[in-house]
Amino acid sequence: MTNGTILGFVLWLAVGALLAGIGVSAFFARKEVGFFCNVEPLPMRDGKGYNRAVGKLFIVYGIVFALLGIPLLAGQNFPGILISILGVVAETIAAMAVYILAIQSRYEKKP
C-alpha cells in the first residue's frame, strides 16, 4: 500500500462518516428533514418517526458507503475501483427506493 492509497481510503471513510453524521442529525431533528437536495419535505403525519426513519437510512447508507471503500485498499487496480463505484451507484438507487416506497409512503399525510 502506498501513502496515496491510504489517504484515498481515509478520505472515503471521512465521507462515509459525514453521511452517517447527517443521519444522526436527522434522527434528532425537530422539523421534518428533506431527503433530496433542494426539495421541501412533504407534510408528514408523524414527524418524529419520519425523522428517525430517514436518520436510520442515512446512517446505514454511510456505513455501507464506508465498507464499499475497502476494495480501494488494494491499490489503483481496475476491479477494485469498479466495485466501489458500481456499489455506490447501486446503494444510492436502493436508498432512494427505500425512501420513496417505504418511508415516504408510510409517513406522508394523505388528503
# chains A, B, ... in the order shown; residues from 1 in each chain; ligands from 1
>>> select_by_dssp(residues="chain A", states="helix (DSSP H, G or I)", output="ChimeraX atom specification")
/A:3-27,47-67,70-74,78-107
>>> residues_around(residues="range 96-108 of chain A", least_positions_apart="4", cutoff="7 Å", atoms="only C-alpha atoms", output="list in words")
Leu42, Pro43, Met44, Arg45, Asp46, Tyr50, Ala53 and Thr92 of chain A
>>> closest_residue(among="A:Ala29, A:Ala90, A:Val54, A:Ala74", to="Thr5 in chain A", atoms="only C-alpha atoms")
A:Ala74
>>> closest_residue(among="A:Ala17, A:Val24, A:Ile6, A:Cys37", to="Gly75 in chain A", atoms="only C-alpha atoms")
A:Ile6
>>> residues_around(residues="Ser25 in chain A", least_positions_apart="2", cutoff="10 Å", atoms="only C-alpha atoms", output="PyMOL selection string")
chain A and resi 19-23+27-30+33+51-52+55+58-59
>>> write_last_selection(atoms="all heavy atoms", output="tab-separated table (two decimals), in the first residue's frame")
chain	number	residue	atom	x	y	z
A	19	LEU	N	-21.75	11.20	6.05
A	19	LEU	CA	-23.10	10.75	5.73
A	19	LEU	C	-23.79	10.17	6.97
A	19	LEU	O	-24.98	10.43	7.21
A	19	LEU	CB	-23.06	9.72	4.61
A	19	LEU	CG	-22.69	10.27	3.23
A	19	LEU	CD1	-22.34	9.13	2.28
A	19	LEU	CD2	-23.81	11.11	2.69
A	20	ALA	N	-23.07	9.39	7.76
A	20	ALA	CA	-23.63	8.86	8.99
A	20	ALA	C	-23.94	9.99	9.98
A	20	ALA	O	-24.94	9.95	10.70
A	20	ALA	CB	-22.68	7.85	9.62
A	21	GLY	N	-23.10	11.03	10.01
A	21	GLY	CA	-23.36	12.19	10.86
A	21	GLY	C	-24.62	12.94	10.44
A	21	GLY	O	-25.37	13.44	11.29
A	22	ILE	N	-24.85	13.02	9.14
A	22	ILE	CA	-26.11	13.63	8.66
A	22	ILE	C	-27.28	12.80	9.16
A	22	ILE	O	-28.32	13.34	9.54
A	22	ILE	CB	-26.09	13.73	7.12
A	22	ILE	CG1	-25.07	14.78	6.68
A	22	ILE	CG2	-27.48	14.07	6.58
A	22	ILE	CD1	-24.83	14.81	5.18
A	23	GLY	N	-27.11	11.48	9.18
A	23	GLY	CA	-28.16	10.61	9.69
A	23	GLY	C	-28.44	10.83	11.17
A	23	GLY	O	-29.59	10.86	11.59
A	27	PHE	N	-31.86	12.16	12.73
A	27	PHE	CA	-32.51	11.34	13.75
A	27	PHE	C	-33.04	12.20	14.90
A	27	PHE	O	-34.10	11.94	15.45
A	27	PHE	CB	-31.52	10.31	14.28
A	27	PHE	CG	-32.12	9.19	15.05
A	27	PHE	CD1	-32.64	8.09	14.39
A	27	PHE	CD2	-32.17	9.23	16.42
A	27	PHE	CE1	-33.20	7.04	15.11
A	27	PHE	CE2	-32.73	8.19	17.15
A	27	PHE	CZ	-33.25	7.08	16.49
A	28	PHE	N	-32.32	13.25	15.25
A	28	PHE	CA	-32.70	14.09	16.38
A	28	PHE	C	-33.32	15.44	15.97
A	28	PHE	O	-33.54	16.30	16.82
A	28	PHE	CB	-31.50	14.35	17.29
A	28	PHE	CG	-31.01	13.10	17.96
A	28	PHE	CD1	-29.80	12.52	17.59
A	28	PHE	CD2	-31.75	12.49	18.95
A	28	PHE	CE1	-29.34	11.37	18.19
A	28	PHE	CE2	-31.31	11.33	19.56
A	28	PHE	CZ	-30.10	10.77	19.19
A	29	ALA	N	-33.59	15.63	14.68
A	29	ALA	CA	-34.15	16.90	14.21
A	29	ALA	C	-35.58	17.08	14.69
A	29	ALA	O	-36.32	16.12	14.90
A	29	ALA	CB	-34.10	16.95	12.68
A	30	ARG	N	-35.98	18.33	14.84
A	30	ARG	CA	-37.35	18.62	15.29
A	30	ARG	C	-38.29	18.84	14.11
A	30	ARG	O	-39.44	18.46	14.17
A	30	ARG	CB	-37.34	19.84	16.19
A	30	ARG	CG	-36.60	19.56	17.47
A	30	ARG	CD	-36.59	20.73	18.38
A	30	ARG	NE	-35.73	20.39	19.52
A	30	ARG	CZ	-35.75	21.02	20.64
A	30	ARG	NH1	-36.52	22.07	20.80
A	30	ARG	NH2	-34.96	20.65	21.63
A	33	VAL	N	-37.03	16.51	8.03
A	33	VAL	CA	-35.83	16.68	7.22
A	33	VAL	C	-36.13	16.26	5.79
A	33	VAL	O	-36.97	15.42	5.54
A	33	VAL	CB	-34.65	15.87	7.79
A	33	VAL	CG1	-34.24	16.36	9.14
A	33	VAL	CG2	-34.97	14.40	7.85
A	51	ASN	N	-38.44	11.39	10.87
A	51	ASN	CA	-37.04	11.80	11.02
A	51	ASN	C	-36.16	10.64	11.48
A	51	ASN	O	-35.03	10.50	11.05
A	51	ASN	CB	-36.92	12.97	11.99
A	51	ASN	CG	-37.39	14.27	11.38
A	51	ASN	OD1	-37.55	14.38	10.17
A	51	ASN	ND2	-37.64	15.24	12.23
A	52	ARG	N	-36.68	9.81	12.35
A	52	ARG	CA	-35.92	8.65	12.82
A	52	ARG	C	-35.68	7.66	11.67
A	52	ARG	O	-34.59	7.11	11.54
A	52	ARG	CB	-36.63	7.97	13.98
A	52	ARG	CG	-36.57	8.79	15.25
A	52	ARG	CD	-37.24	8.05	16.41
A	52	ARG	NE	-37.27	8.89	17.58
A	52	ARG	CZ	-36.33	8.88	18.52
A	52	ARG	NH1	-35.31	8.08	18.42
A	52	ARG	NH2	-36.42	9.68	19.57
A	55	GLY	N	-33.14	9.22	9.37
A	55	GLY	CA	-31.85	9.17	10.06
A	55	GLY	C	-31.22	7.79	9.99
A	55	GLY	O	-30.03	7.64	9.70
A	58	PHE	N	-29.89	7.16	6.49
A	58	PHE	CA	-28.61	7.83	6.23
A	58	PHE	C	-27.46	7.18	6.99
A	58	PHE	O	-26.35	7.09	6.47
A	58	PHE	CB	-28.69	9.32	6.60
A	58	PHE	CG	-29.08	10.21	5.47
A	58	PHE	CD1	-30.31	10.83	5.45
A	58	PHE	CD2	-28.22	10.43	4.41
A	58	PHE	CE1	-30.68	11.66	4.41
A	58	PHE	CE2	-28.58	11.25	3.35
A	58	PHE	CZ	-29.81	11.86	3.36
A	59	ILE	N	-27.70	6.72	8.20
A	59	ILE	CA	-26.64	6.05	8.97
A	59	ILE	C	-26.22	4.76	8.27
A	59	ILE	O	-25.02	4.49	8.10
A	59	ILE	CB	-27.10	5.80	10.42
A	59	ILE	CG1	-27.22	7.14	11.16
A	59	ILE	CG2	-26.15	4.86	11.15
A	59	ILE	CD1	-27.91	7.04	12.51
>>> atom_distance(atom1="CA of Ile81 in chain A", atom2="CA of Leu57 in chain A")
24.5 Å
>>> atom_distance(atom1="CA of Leu73 in chain A", atom2="CA of Val15 in chain A")
15.8 Å
>>> atom_distance(atom1="CA of Phe65 in chain A", atom2="CA of Ala14 in chain A")
10.2 Å
